[in-house]
Structures are given as structure tokens and as C-alpha cells.
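Containing CSV, C-alpha atoms and all ligand atoms: model_39.csv.
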chain,number,residue,atom,x,y,z
W,1,MET,CA,59.6,-8.1,19.5
W,2,ALA,CA,58.4,-9.4,16.3
W,3,ARG,CA,55.0,-9.2,14.4
W,4,ASP,CA,54.1,-10.3,16.0
W,5,PRO,CA,50.6,-11.0,15.3
W,6,ALA,CA,50.4,-9.2,18.7
W,7,ASP,CA,51.7,-6.0,17.0
W,8,ARG,CA,48.6,-5.8,14.9
W,9,SER,CA,46.8,-3.2,17.0
W,10,ARG,CA,48.8,-0.2,16.2
W,11,GLY,CA,46.6,2.2,18.3
W,12,THR,CA,47.5,5.2,16.1
W,13,SER,CA,43.9,6.2,15.3
W,14,GLY,CA,42.6,8.8,17.7
W,15,SER,CA,46.0,8.6,19.5
W,16,PRO,CA,47.2,11.8,21.2
W,17,VAL,CA,50.5,11.6,19.2
W,18,PRO,CA,50.7,11.6,15.5
W,19,PRO,CA,53.2,9.1,14.1
W,20,GLY,CA,56.5,10.8,13.6
W,21,ALA,CA,55.7,13.6,16.1
W,22,ALA,CA,58.8,13.1,18.2
W,23,GLU,CA,61.0,13.1,15.0
W,24,SER,CA,59.5,16.5,14.1
W,25,ILE,CA,60.2,18.0,17.5
W,26,ALA,CA,63.9,17.0,17.5
W,27,PRO,CA,65.8,20.2,17.4
W,28,GLU,CA,69.2,18.7,16.6
W,29,PRO,CA,70.1,15.0,16.2
W,30,GLY,CA,72.7,15.1,19.0
W,31,SER,CA,71.0,17.5,21.6
W,32,ALA,CA,69.8,16.5,25.0
W,33,ILE,CA,66.0,16.2,25.5
W,34,ALA,CA,64.6,19.5,26.9
W,35,ASP,CA,61.8,19.7,29.5
W,36,SER,CA,59.6,21.4,26.9
W,37,GLU,CA,59.6,18.1,24.9
W,38,LEU,CA,58.5,15.9,27.7
W,39,ASP,CA,54.7,16.3,27.4
W,40,LEU,CA,54.7,15.3,23.8
W,41,LEU,CA,57.1,12.4,24.3
W,42,PHE,CA,55.0,11.0,27.2
W,43,ALA,CA,51.6,11.9,25.9
W,44,ARG,CA,50.6,8.2,25.6
W,45,PHE,CA,51.4,7.7,29.3
W,46,SER,CA,48.6,10.0,30.4
W,47,GLY,CA,45.7,7.5,29.8
W,48,HIS,CA,47.2,5.0,32.4
W,49,ALA,CA,46.9,4.9,36.1
W,50,ALA,CA,50.1,3.0,36.5
W,51,ILE,CA,53.0,2.1,34.2
W,52,LEU,CA,55.9,-0.3,34.6
W,53,ILE,CA,59.2,0.9,33.0
W,54,ALA,CA,61.5,-1.8,31.7
W,55,VAL,CA,65.0,-0.9,32.4
W,56,SER,CA,68.0,-3.1,31.4
W,57,GLY,CA,70.5,-0.6,32.7
W,58,GLY,CA,71.7,0.2,29.1
W,59,PRO,CA,71.7,3.8,27.9
W,60,ASP,CA,68.2,3.9,26.3
W,61,SER,CA,66.2,2.5,29.1
W,62,THR,CA,68.2,4.4,31.7
W,63,ALA,CA,67.3,7.6,29.8
W,64,LEU,CA,63.7,6.4,29.7
W,65,MET,CA,63.6,6.0,33.5
W,66,HIS,CA,65.3,9.4,34.0
W,67,LEU,CA,63.0,11.3,31.6
W,68,ALA,CA,59.8,9.6,32.7
W,69,ALA,CA,60.6,10.6,36.3
W,70,ARG,CA,61.4,14.2,35.2
W,71,TRP,CA,58.0,14.3,33.3
W,72,ARG,CA,56.1,13.0,36.3
W,73,ASP,CA,57.8,15.5,38.7
W,74,ARG,CA,56.8,18.4,36.4
W,75,ALA,CA,53.2,17.3,36.1
W,76,PRO,CA,52.0,15.6,39.3
W,77,GLY,CA,48.7,13.7,39.2
W,78,GLY,CA,49.9,11.6,36.2
W,79,PRO,CA,50.3,7.8,36.3
W,80,ARG,CA,52.2,6.0,39.1
W,81,LEU,CA,55.5,4.9,37.7
W,82,PHE,CA,57.4,1.6,38.6
W,83,ALA,CA,60.6,0.2,37.2
W,84,ALA,CA,61.9,-3.4,36.8
W,85,THR,CA,65.0,-5.1,35.6
W,86,VAL,CA,65.3,-8.6,34.4
W,87,ASP,CA,68.5,-10.3,35.4
W,88,HIS,CA,69.0,-13.0,32.8
W,89,GLY,CA,72.0,-14.4,34.8
W,90,LEU,CA,73.9,-14.8,31.5
W,91,ARG,CA,76.8,-12.5,32.4
W,92,ALA,CA,78.8,-12.1,35.5
W,93,ALA,CA,78.1,-8.3,35.5
W,94,SER,CA,74.3,-8.6,35.2
W,95,ALA,CA,73.5,-8.6,39.0
W,96,GLY,CA,75.6,-5.6,39.6
W,97,GLU,CA,74.0,-3.8,36.7
W,98,ALA,CA,70.5,-4.5,38.1
W,99,GLU,CA,71.7,-3.1,41.5
W,100,GLU,CA,72.8,0.0,39.8
W,101,VAL,CA,69.4,0.5,38.2
W,102,ALA,CA,67.8,-0.1,41.6
W,103,ARG,CA,70.0,2.6,43.1
W,104,LEU,CA,69.1,5.1,40.4
W,105,ALA,CA,65.4,4.2,40.6
W,106,GLY,CA,65.6,4.9,44.3
W,107,ALA,CA,67.2,8.3,43.7
W,108,LEU,CA,64.3,9.1,41.3
W,109,LYS,CA,61.7,7.8,43.8
W,110,LEU,CA,60.6,5.0,41.6
W,111,PRO,CA,59.7,1.6,43.2
W,112,HIS,CA,62.0,-1.0,41.5
W,113,ARG,CA,62.3,-4.7,41.4
W,114,THR,CA,64.9,-7.1,40.0
W,115,LEU,CA,63.4,-10.1,38.3
W,116,PRO,CA,65.8,-13.1,37.9
W,117,TRP,CA,65.3,-15.4,34.9
W,118,GLN,CA,65.4,-18.9,36.5
W,119,GLY,CA,64.2,-21.1,33.7
W,120,ASP,CA,66.1,-23.4,31.3
W,121,LYS,CA,68.6,-21.6,29.1
W,122,PRO,CA,68.8,-23.2,25.7
W,123,ASP,CA,72.1,-23.5,23.7
W,124,HIS,CA,70.3,-22.5,20.5
W,125,GLY,CA,68.1,-19.5,20.1
W,126,LEU,CA,69.3,-18.1,23.5
W,127,GLN,CA,68.5,-14.5,22.6
W,128,GLU,CA,64.9,-15.4,21.5
W,129,ALA,CA,64.4,-17.4,24.6
W,130,ALA,CA,65.7,-14.6,26.8
W,131,ARG,CA,63.4,-12.1,25.1
W,132,GLU,CA,60.3,-14.3,25.7
W,133,ALA,CA,61.3,-15.0,29.3
W,134,ARG,CA,61.9,-11.3,29.8
W,135,TYR,CA,58.5,-10.3,28.5
W,136,GLY,CA,56.8,-12.9,30.7
W,137,LEU,CA,58.6,-11.7,33.8
W,138,LEU,CA,57.8,-8.0,33.0
W,139,ALA,CA,54.2,-8.8,32.2
W,140,ALA,CA,53.8,-10.6,35.5
W,141,GLU,CA,55.4,-7.7,37.4
W,142,ALA,CA,53.1,-5.2,35.6
W,143,ARG,CA,50.1,-7.3,36.8
W,144,ARG,CA,51.6,-7.4,40.4
W,145,VAL,CA,51.9,-3.6,40.7
W,146,GLY,CA,48.6,-3.0,38.9
W,147,ALA,CA,50.2,-1.4,35.8
W,148,SER,CA,48.1,-1.4,32.6
W,149,ALA,CA,51.1,-0.5,30.4
W,150,LEU,CA,54.8,-1.5,30.0
W,151,ALA,CA,57.2,1.2,28.7
W,152,LEU,CA,60.1,0.1,26.5
W,153,ALA,CA,63.0,2.3,25.3
W,154,HIS,CA,63.3,1.3,21.7
W,155,THR,CA,64.6,4.2,19.6
W,156,ARG,CA,64.5,5.1,16.0
W,157,ASP,CA,67.8,3.3,15.5
W,158,ASP,CA,66.2,0.1,16.9
W,159,GLN,CA,63.3,0.6,14.5
W,160,ALA,CA,65.7,0.9,11.5
W,161,GLU,CA,67.5,-2.2,12.6
W,162,THR,CA,64.2,-4.1,12.9
W,163,VAL,CA,63.2,-3.1,9.4
W,164,LEU,CA,66.6,-4.3,8.0
W,165,PHE,CA,66.5,-7.5,10.0
W,166,ARG,CA,63.0,-8.3,8.8
W,167,MET,CA,63.8,-7.4,5.2
W,168,ALA,CA,66.7,-9.8,5.4
W,169,ARG,CA,64.4,-12.5,6.5
W,170,GLY,CA,61.9,-12.0,3.7
W,171,SER,CA,59.1,-10.4,5.8
W,172,GLY,CA,55.9,-9.2,4.2
W,173,LEU,CA,54.4,-5.7,4.8
W,174,ALA,CA,53.2,-6.4,8.3
W,175,GLY,CA,56.8,-7.2,9.4
W,176,LEU,CA,58.3,-4.3,7.5
W,177,ALA,CA,56.0,-1.9,9.3
W,178,GLY,CA,58.4,-2.4,12.2
W,179,MET,CA,57.4,-1.9,15.9
W,180,SER,CA,54.6,0.4,16.9
W,181,ALA,CA,54.6,3.2,19.4
W,182,GLU,CA,51.6,1.7,21.1
W,183,THR,CA,50.3,-1.9,20.8
W,184,THR,CA,48.6,-4.5,23.0
W,185,ARG,CA,50.0,-7.9,23.9
W,186,GLY,CA,48.1,-10.3,26.1
W,187,GLY,CA,46.0,-7.4,27.6
W,188,LEU,CA,49.1,-5.3,28.5
W,189,VAL,CA,49.7,-2.1,26.5
W,190,LEU,CA,53.3,-1.7,25.3
W,191,LEU,CA,54.4,1.9,24.9
W,192,ARG,CA,57.5,2.9,23.0
W,193,PRO,CA,57.8,6.7,23.6
W,194,PHE,CA,61.3,6.9,21.9
W,195,LEU,CA,60.5,5.1,18.7
W,196,ASP,CA,61.0,8.3,16.6
W,197,LEU,CA,64.0,9.6,18.6
W,198,PRO,CA,67.6,9.1,17.5
W,199,LYS,CA,69.6,7.2,20.2
W,200,ALA,CA,72.2,10.1,20.0
W,201,ARG,CA,69.7,12.3,21.7
W,202,LEU,CA,69.4,9.9,24.6
W,203,LEU,CA,73.1,9.6,25.0
W,204,ALA,CA,73.3,13.4,25.0
W,205,THR,CA,70.6,13.5,27.7
W,206,LEU,CA,72.5,11.0,29.9
W,207,ASP,CA,75.7,12.9,29.4
W,208,THR,CA,74.1,16.2,30.4
W,209,ALA,CA,72.5,14.7,33.5
W,210,GLY,CA,75.8,13.0,34.4
W,211,LEU,CA,74.1,9.5,34.5
W,212,VAL,CA,76.1,6.3,34.0
W,213,TYR,CA,74.8,3.2,32.2
W,214,ALA,CA,75.9,-0.3,31.4
W,215,SER,CA,77.2,-1.6,28.1
W,216,ASP,CA,76.1,-5.1,27.2
W,217,PRO,CA,78.9,-6.8,25.3
W,218,SER,CA,76.3,-9.0,23.5
W,219,ASN,CA,75.2,-5.9,21.6
W,220,LEU,CA,78.5,-6.1,19.8
W,221,ASP,CA,78.7,-9.9,19.5
W,222,ALA,CA,79.1,-10.8,15.8
W,223,ARG,CA,77.6,-14.3,16.5
W,224,PHE,CA,74.2,-12.5,16.5
W,225,ALA,CA,72.4,-11.1,13.4
W,226,ARG,CA,71.4,-7.8,15.0
W,227,PRO,CA,74.9,-6.7,16.0
W,228,ARG,CA,76.1,-7.7,12.5
W,229,LEU,CA,73.5,-5.4,11.0
W,230,ARG,CA,74.3,-2.7,13.5
W,231,ALA,CA,77.9,-2.8,12.3
W,232,LEU,CA,76.7,-2.3,8.7
W,233,ALA,CA,74.7,0.8,9.7
W,234,PRO,CA,77.3,3.5,8.9
W,235,ALA,CA,78.0,2.1,5.4
W,236,LEU,CA,74.3,1.9,4.7
W,237,ALA,CA,73.7,5.4,6.0
W,238,ARG,CA,76.4,6.7,3.6
W,239,GLU,CA,74.3,5.3,0.8
W,240,GLY,CA,71.2,7.1,2.1
W,241,LEU,CA,69.8,4.1,4.0
W,242,ASP,CA,69.9,5.7,7.4
W,243,ALA,CA,67.7,5.3,10.5
W,244,ARG,CA,65.5,8.3,9.6
W,245,ARG,CA,64.7,6.9,6.1
W,246,LEU,CA,64.2,3.3,7.4
W,247,SER,CA,61.9,4.4,10.2
W,248,ARG,CA,60.0,6.6,7.8
W,249,LEU,CA,59.6,3.6,5.5
W,250,ALA,CA,58.3,1.6,8.4
W,251,ARG,CA,55.7,4.3,9.1
W,252,ARG,CA,54.5,4.4,5.5
W,253,VAL,CA,54.3,0.6,5.3
W,254,ALA,CA,52.4,0.6,8.6
W,255,ARG,CA,49.9,3.0,7.1
W,256,ALA,CA,49.4,0.9,4.0
W,257,ASP,CA,49.2,-2.3,6.0
W,258,ALA,CA,46.4,-0.8,8.2
W,259,ALA,CA,44.5,0.2,5.0
W,260,LEU,CA,44.9,-3.3,3.6
W,261,GLU,CA,43.7,-4.9,6.9
W,262,ALA,CA,40.6,-2.6,6.8
W,263,ALA,CA,39.9,-3.7,3.2
W,264,THR,CA,40.3,-7.3,4.3
W,265,ASP,CA,37.9,-6.8,7.2
W,266,ARG,CA,35.3,-5.5,4.7
W,267,ALA,CA,35.8,-8.4,2.3
W,268,GLU,CA,35.6,-10.9,5.2
W,269,ALA,CA,32.3,-9.3,6.4
W,270,GLU,CA,30.8,-9.2,2.9
W,271,LEU,CA,32.0,-12.5,1.4
W,272,VAL,CA,32.6,-15.2,4.0
W,273,THR,CA,29.7,-17.4,5.1
W,274,VAL,CA,29.7,-19.6,8.1
W,275,GLN,CA,29.0,-23.3,7.3
W,276,LYS,CA,28.8,-26.4,9.4
W,277,SER,CA,32.0,-27.6,7.8
W,278,GLY,CA,33.9,-24.4,8.0
W,279,ARG,CA,34.0,-21.0,6.2
W,280,ALA,CA,33.0,-20.6,2.5
W,281,ILE,CA,33.5,-17.9,-0.1
W,282,SER,CA,32.1,-17.8,-3.6
W,283,GLY,CA,34.9,-18.7,-6.0
W,284,SER,CA,34.1,-15.9,-8.5
W,285,ALA,CA,34.0,-13.3,-5.7
W,286,PHE,CA,37.3,-14.6,-4.3
W,287,ALA,CA,39.0,-14.5,-7.7
W,288,ALA,CA,37.8,-11.0,-8.3
W,289,LEU,CA,39.5,-9.6,-5.1
W,290,PRO,CA,42.8,-7.8,-5.5
W,291,ASP,CA,45.5,-10.5,-4.9
W,292,GLU,CA,46.7,-8.9,-1.6
W,293,ILE,CA,43.2,-8.9,-0.1
W,294,ALA,CA,42.6,-12.5,-1.3
W,295,LEU,CA,45.9,-13.5,0.3
W,296,ARG,CA,45.1,-11.9,3.6
W,297,LEU,CA,41.6,-13.3,3.7
W,298,LEU,CA,42.8,-16.8,2.9
W,299,GLY,CA,45.5,-16.3,5.6
W,300,ARG,CA,42.9,-15.4,8.2
W,301,LEU,CA,40.7,-18.3,7.3
W,302,VAL,CA,43.5,-20.8,7.4
W,303,ALA,CA,44.8,-19.4,10.7
W,304,THR,CA,41.3,-19.6,12.4
W,305,GLN,CA,40.3,-22.9,11.0
W,306,GLY,CA,43.7,-24.5,11.2
W,307,ARG,CA,44.3,-23.2,14.8
W,308,GLU,CA,48.1,-23.4,14.4
W,309,GLY,CA,48.6,-19.7,14.4
W,310,PRO,CA,49.6,-17.3,11.6
W,311,VAL,CA,50.7,-19.0,8.4
W,312,GLU,CA,54.1,-18.4,6.8
W,313,LEU,CA,53.7,-15.9,4.1
W,314,ALA,CA,55.6,-17.8,1.3
W,315,LYS,CA,53.5,-20.9,1.9
W,316,LEU,CA,50.3,-18.8,1.9
W,317,GLU,CA,51.4,-17.2,-1.4
W,318,LEU,CA,51.8,-20.7,-3.0
W,319,LEU,CA,48.4,-21.8,-1.7
W,320,LEU,CA,46.7,-18.7,-3.1
W,321,GLU,CA,48.3,-19.3,-6.5
W,322,ALA,CA,47.0,-22.9,-6.5
W,323,VAL,CA,43.5,-21.9,-5.4
W,324,LEU,CA,43.3,-19.2,-8.1
W,325,ALA,CA,44.6,-21.6,-10.7
W,326,ALA,CA,42.0,-24.2,-9.6
W,327,LEU,CA,39.3,-21.6,-9.9
W,328,ALA,CA,40.4,-20.5,-13.3
W,329,LEU,CA,41.5,-23.6,-15.0
W,330,VAL,CA,41.0,-26.9,-13.3
W,331,PRO,CA,37.5,-28.3,-13.5
W,332,ALA,CA,38.2,-31.2,-11.1
W,333,PRO,CA,37.8,-30.6,-7.3
W,334,PHE,CA,40.9,-29.4,-5.5
W,335,ARG,CA,42.0,-29.8,-1.9
W,336,ARG,CA,45.1,-28.9,0.0
W,337,THR,CA,46.0,-28.7,3.7
W,338,LEU,CA,48.1,-26.0,5.3
W,339,ALA,CA,48.8,-25.3,9.0
W,340,GLY,CA,46.0,-27.6,10.1
W,341,ALA,CA,43.4,-26.2,7.7
W,342,SER,CA,41.9,-27.9,4.7
W,343,VAL,CA,41.2,-25.7,1.6
W,344,THR,CA,38.8,-27.1,-0.9
W,345,VAL,CA,37.6,-25.7,-4.2
W,346,ARG,CA,34.4,-27.3,-5.3
W,347,LYS,CA,31.1,-26.3,-7.0
W,348,GLY,CA,32.3,-22.7,-7.5
W,349,GLN,CA,33.1,-22.3,-3.8
W,350,VAL,CA,36.3,-22.0,-1.8
W,351,LEU,CA,35.8,-23.8,1.6
W,352,VAL,CA,38.3,-23.6,4.4
W,353,SER,CA,37.8,-26.1,7.3
W,354,THR,CA,39.7,-27.7,10.1
W,355,ALA,CA,41.8,-30.6,8.6
W,356,PRO,CA,41.4,-34.0,10.3
W,357,PRO,CA,44.3,-35.0,12.5
W,358,ARG,CA,47.2,-36.2,10.4
W,359,ARG,CA,46.9,-39.9,11.2
W,360,LEU,CA,43.2,-40.0,10.5
W,361,ALA,CA,43.8,-38.0,7.3
W,362,ALA,CA,46.3,-40.7,6.1
W,363,ARG,CA,43.8,-43.5,6.9
W,364,ILE,CA,41.1,-41.7,4.9
W,365,ALA,CA,43.4,-41.2,2.0
W,366,THR,CA,44.4,-44.9,1.8
W,367,ASN,CA,40.9,-46.4,2.6
W,368,SER,CA,38.6,-44.2,0.8
W,369,SER,CA,38.1,-44.7,-2.9
W,370,ALA,CA,35.2,-42.1,-2.8
W,371,GLU,CA,37.6,-39.2,-2.1
W,372,LYS,CA,39.0,-38.5,-5.6
W,373,ALA,CA,39.9,-34.9,-5.0
W,374,PRO,CA,43.6,-34.4,-6.0
W,375,VAL,CA,45.5,-33.6,-2.8
W,376,LEU,CA,48.0,-31.2,-4.2
W,377,GLY,CA,49.9,-30.7,-1.0
W,378,LYS,CA,50.7,-32.8,2.0
W,379,SER,CA,49.5,-31.9,5.5
W,380,GLY,CA,50.6,-28.4,6.1
W,381,PRO,CA,53.8,-28.0,8.0
W,382,ARG,CA,53.8,-25.8,11.1
W,383,THR,CA,54.7,-22.3,10.2
U,1,LIG,N1,67.1,-7.0,31.1
U,1,LIG,C1,66.1,-6.2,30.9
U,1,LIG,N2,65.3,-5.8,31.9
U,1,LIG,C2,64.3,-4.9,31.7
U,1,LIG,N3,64.0,-4.4,30.5
U,1,LIG,C3,64.7,-4.7,29.5
U,1,LIG,C4,65.8,-5.6,29.6
U,1,LIG,N4,66.4,-5.8,28.4
U,1,LIG,C5,65.7,-5.0,27.5
U,1,LIG,N5,64.7,-4.4,28.2
U,1,LIG,C6,63.7,-3.4,27.6
U,1,LIG,O1,63.5,-3.7,26.3
U,1,LIG,C7,64.0,-2.6,25.5
U,1,LIG,C8,64.7,-3.1,24.2
U,1,LIG,O2,65.7,-4.1,24.5
U,1,LIG,P1,67.1,-4.0,23.9
U,1,LIG,O3,67.7,-5.3,24.1
U,1,LIG,O4,67.0,-3.5,22.4
U,1,LIG,O5,67.8,-2.8,24.7
U,1,LIG,P2,69.1,-2.9,25.5
U,1,LIG,O6,70.3,-3.3,24.6
U,1,LIG,O7,69.0,-3.7,26.7
U,1,LIG,O8,69.5,-1.4,26.0
U,1,LIG,P3,68.8,-0.1,26.4
U,1,LIG,O9,68.5,-0.1,27.8
U,1,LIG,O10,69.8,0.9,26.0
U,1,LIG,O11,67.6,-0.1,25.5
U,1,LIG,C9,64.9,-1.9,26.4
U,1,LIG,O12,65.1,-0.5,25.9
U,1,LIG,C10,64.3,-2.0,27.7
U,1,LIG,O13,63.2,-1.1,27.8

If you convert what's in this file into C-alpha cells, what do you get?
Ligand SMILES: Nc1ncnc2c1ncn2[C@@H]1O[C@H](COP(=O)(O)OP(=O)(O)OP(=O)(O)O)[C@@H](O)[C@H]1O
Amino acid sequence: MARDPADRSRGTSGSPVPPGAAESIAPEPGSAIADSELDLLFARFSGHAAILIAVSGGPDSTALMHLAARWRDRAPGGPRLFAATVDHGLRAASAGEAEEVARLAGALKLPHRTLPWQGDKPDHGLQEAAREARYGLLAAEARRVGASALALAHTRDDQAETVLFRMARGSGLAGLAGMSAETTRGGLVLLRPFLDLPKARLLATLDTAGLVYASDPSNLDARFARPRLRALAPALAREGLDARRLSRLARRVARADAALEAATDRAEAELVTVQKSGRAISGSAFAALPDEIALRLLGRLVATQGREGPVELAKLELLLEAVLAALALVPAPFRRTLAGASVTVRKGQVLVSTAPPRRLAARIATNSSAEKAPVLGKSGPRT
């Protein structure tokens, strides 16, 4: 699950669990989870009347189902718990694995459903398509059972892998902040109670409880980037780049990212004026902002005016450079389009408005001799 513009609401402020709390309670990296740890681990569950647990049948989510049921049994009166398994139908073993989850759920007194993925299965981007379909099926099931939250079993090792993966793809700070322990997507709260726990502790818990789990061979398939990164993990850890450090980095970046977002909120409230043709900011006030805040503010305006979603960071950085150069150096008017938004610098103002549809824009460009503004970029490609 990527940033995910959806991952913006981190939900850490006023939360019952300080970030990193589970890490600090871990007695030993390889020990089973004790009953005394459950209240802290599942503290975020308490505010919900019903929660759907997403269980693939792999070790982490099998441990999640087992521990959540143990927590519920110790403290009756908490949320109602449900479980669901998506059968992607991509491996011969998947139906049997879902049946095994259903059997264990029954033993734990958790209502369970298997959700088959019946849509088209693309040749390219299969993992991404499966993830999207899985989320859609689980969100629909959560609605069906009246759950306000979906619990996922991502661990600290998954967090570390996500940070590495995003680093390799050139993510900005928002991406390097990794996944959050609590976030909202499409009205559904996503909870990740194990985000600070090493996977080794879950394996020890399963072992102690005598629970079996499935092993998905695609987790080792070197055609996919994540398994390749996973294979590098031991060598990276020997150099100090282990899961604990990477997830700590993610927490620190998340904290800085939240502060920068708050500063951008303030700049937006103070500087942006609503005009008939779009949103405007005084050029001198815009140029005086710290670059990172100016970048985020420009990104927000382009995203809302362009209506094509979040803009790719590298393109936004180029646009900011050009706008600042136009404000500092170029006396002539300036206009560029990116992701469906048009950015103009004129009369000491930066104006961001919705760009005309591309065909119309081309006609205006060829027919109009009045529009002399140098168009430094072409219509913004989708990001
Ligand atoms: N097929 C599935 N059905 C239901 N939930 C799933 C499924 N696949 C993944 N999830 C949920 O998403 C989380 C992250 O998925 P990921 O693919 O990283 O885990 P996994 O390899 O399936 O194994 P594990 O169960 O050990 O987490 C899982 O922990 C689980 O909560």
C-alpha cells in the first residue's frame, strides 16, 4: 500500500499508542508475544465497534488473527471481530489455504468469509492489480459486516522493505515515511498493530501456539522487486541497515513530513486567494517561502486545479524551479501546464488554474496571436 495520498492522515496525534511503542515493549527479538503485551498492541482496536481482520493464511496475518482473538477473549466487551481471506485464484493451493484460514477462524470463534477475485488478471502489473482488487474486496466485506476498521498484519520487516523499495524508486519524504499504524482510506480505518514488531516474534508466537501457516512462493519470486530486496536484507543488516533502523528512519521522516504539511497548511491559509480563474499567490510571498513549503503548496494547487491527482515529485520540482526563475529573472509573462493545471506568472502573481482541454489548448495556441506568453512546457503528462 503506497502513499498513497490516502496514507496522509497518520492519526498519531492524540492516539492511544505512541509511535514505536510496540518496539519498546519487545522483550527479545525472537520471543513469543505474551498476554501482558496484548492491551498495548491492540490499543487502537478499542475505539471500534467492529473490525475486519485481513488474513492471507501467511504467518503474519495468521498470528494477527490468533492474537486478536486472544486479546478479545481476555477483555470481553471490546469490538466484534471478523476475518476474511481473498482468494486471488492465481495458485493451485490458494483455495485450500483459504479453507485452512476458515477452519482456524472457526476454532477461534471468528466469523470468516473467503472472497474470490473474479476480475480480469493482467499480464503486466499483476501484483499491483491483485493488491488493488484485494483492497476493494476487503473494503466491501468490511462494509457488509459493519466494520469501521480493517486490520492488516504488516510488520517492522515489511516497513523496512517498504522504505527501501520507495528509496529505490526515488520517493520523496512522504513515501519514505513508510506505512502508518493507523490511517484512513475511503472512509475505512486501516490498522497495522504489528508495524513496530519484528516478524521473528510472530513466528515464535505461532510456534509456541502450535499453529501452521501457508508459505506463498511468490514471496520468494525473483521476478518481483520486493522479494529481490528481501533477499538483500541480511547483507544490508550486516552494514547496519537493518529493519529496526529503517523503520526508525520511517518514523522520523513521518514526523518531519507532518510538520512540513502543517507549515504548508498555514502558508495556504495565509497566502492563497481564490479568484474566478483559479488560485493566486503573491509572487514575492511565494518566492520568500522555504523551497520545500513552496513545492508542497504548488503541488496542492496543481493537484486541485488540474484534477488529475497527485503530481509526480520530479516534475513538480522542475516546475517550481521554473516558477522561481520566472519570478526572479524573467520580466516576460510565463505559463506552463502540468497534470491538467496551468501555472502562470504575471503582474507579480502566481496563478494556478484548470488548463483547457488539450485539443482546445492547441487551437488557442495556433489561432491566437494575442497570447504571447512563452509556453515553456507542453501539456502536463499524467503523473
Ligand atoms: N489474500 C489475502 N487475503 C486477506 N488479507 C490479505 C491477503 N494478502 C494480504 N493480506 C493482508 O495484507 C497484509 C500484507 O500483505 P502481504 O502480502 O505483505 O502479506 P502476506 O505475504 O500475505 O503474508 P502474511 O499473512 O504473513 O502477512 C497481510 O498481512 C494481510 O493482513

Would you pick out the contacts of stretch 125-129 of chain W at 10 Å or less, using only C-alpha atoms, so that residues sharing its chain but fewer than 4 positions from it are not included, and give the list as a PyMOL selection string? chain W and resi 1+90+119-121+133-134+218+224

Please, what distance in Å, to one decimal, runs between atom CA of W:Ala151 and atom CA of W:Lys199?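 Going from atom CA of W:Ala151 over to atom CA of W:Lys199 covers 16.2 Å.
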
10 Å contact set for stretch 144-146 of chain W, all atoms listed in the file, chain neighbours under 2 positions out, as a PyMOL selection string: chain W and resi 49-52+80-82+111+138-142+148-149

Show me, as a ChimeraX atom specification, the residues that have an atom within 12 Å of W:Leu241 when counting all atoms listed in the file, minus same-chain residues fewer than 5 positions from it. /W:157,160-161,163-164,232-236,246-249

Those residues with C-alpha atoms, as a PDB file, in the coordinates of the input please?
ATOM      1  CA  ASP W 157      67.800   3.300  15.500  1.00  0.00           C
ATOM      2  CA  ALA W 160      65.700   0.900  11.500  1.00  0.00           C
ATOM      3  CA  GLU W 161      67.500  -2.200  12.600  1.00  0.00           C
ATOM      4  CA  VAL W 163      63.200  -3.100   9.400  1.00  0.00           C
ATOM      5  CA  LEU W 164      66.600  -4.300   8.000  1.00  0.00           C
ATOM      6  CA  LEU W 232      76.700  -2.300   8.700  1.00  0.00           C
ATOM      7  CA  ALA W 233      74.700   0.800   9.700  1.00  0.00           C
ATOM      8  CA  PRO W 234      77.300   3.500   8.900  1.00  0.00           C
ATOM      9  CA  ALA W 235      78.000   2.100   5.400  1.00  0.00           C
ATOM     10  CA  LEU W 236      74.300   1.900   4.700  1.00  0.00           C
ATOM     11  CA  LEU W 246      64.200   3.300   7.400  1.00  0.00           C
ATOM     12  CA  SER W 247      61.900   4.400  10.200  1.00  0.00           C
ATOM     13  CA  ARG W 248      60.000   6.600   7.800  1.00  0.00           C
ATOM     14  CA  LEU W 249      59.600   3.600   5.500  1.00  0.00           C
TER      15      LEU W 249
END

Please indicate the distance in Å from atom CA of W:Ala153 to atom CA of W:Lys109, rounded to one decimal place.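 So the two atoms, atom CA of W:Ala153 and atom CA of W:Lys109, lie 19.3 Å apart.
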
Would you mind reading off the distance between atom CA of W:Gln159 and atom CA of W:Asp196, one decimal, in Å?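 Between atom CA of W:Gln159 and atom CA of W:Asp196 the gap works out to 8.3 Å.
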
Enumerate as a list in words the residues within 8 Å of ligand LIG 1 (chain U), counting all atoms listed in the file.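 Every residue with an atom at most 8 Å from ligand LIG 1 (chain U) is listed here: Ile53, Ala54, Val55, Ser56, Gly57, Gly58, Pro59, Asp60, Ser61, Thr62, Leu64, Ala84, Thr85, Val86, Asp87, His88, Leu115, Arg131, Arg134, Leu138, Ala151, Leu152, Ala153, His154, Thr155, Asp158, Ser215, Asp216 and Asn219 of chain W.
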
Looking at only C-alpha atoms, which of W:Phe334, W:Phe194, W:Tyr213, W:Trp117 is the one that sits closest to W:Leu40?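 Of all the options, W:Phe194 lies closest to W:Leu40.
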
Can you tell me, as JSON, numbers by chain, what residues are no more than 12 Å from W:Asp207 when counting only C-alpha atoms, ignoring any on the same chain fewer than 4 positions away? {"W": [30, 31, 32, 33, 59, 62, 63, 66, 200, 201, 202, 203, 211, 212, 213]}

Mind listing whatever residues come within 12 Å of the point (56.8, 15.5, 34.6)? Use all atoms listed in the file, file coordinates, and give them as an NGL selection string. :W and (34-43 or 45-46 or 65-81 or 108)

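With only C-alpha atoms as the atoms that count, the minimum distance from W:Ala287 to the choices W:Glu321, W:Asp242, W:Glu270, W:Asp123 is reached by W:Glu321.
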
Compare W:Leu150, W:Ser171, W:Leu289, W:Ser282 by their minimum atom-to-atom distance to W:His48, counting only C-alpha atoms, and give me the closest one.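 Closest to W:His48 of all the choices is W:Leu150.
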
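The closest residue to W:His124, picked from W:Arg223, W:Arg266, W:Thr304, W:Ala250 and counting only C-alpha atoms, is W:Arg223.
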
Counting all atoms listed in the file, figure out which residue out of W:Ala259, W:Arg185, W:Thr344, W:Gln349 gets nearest to W:Leu271.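 Selected residue with least distance to W:Leu271: W:Gln349.
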
From the list W:Gly136, W:Pro217, W:Arg44, W:Gly309, the nearest residue to W:Arg192 using only C-alpha atoms is W:Arg44

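Using only C-alpha atoms, the residues found no farther than 12 Å from W:Asp221, other than those of its own chain fewer than 5 positions away, are Gln127, Asp216, Arg226, Pro227, Arg228, Leu229, Arg230 and Ala231 of chain W.
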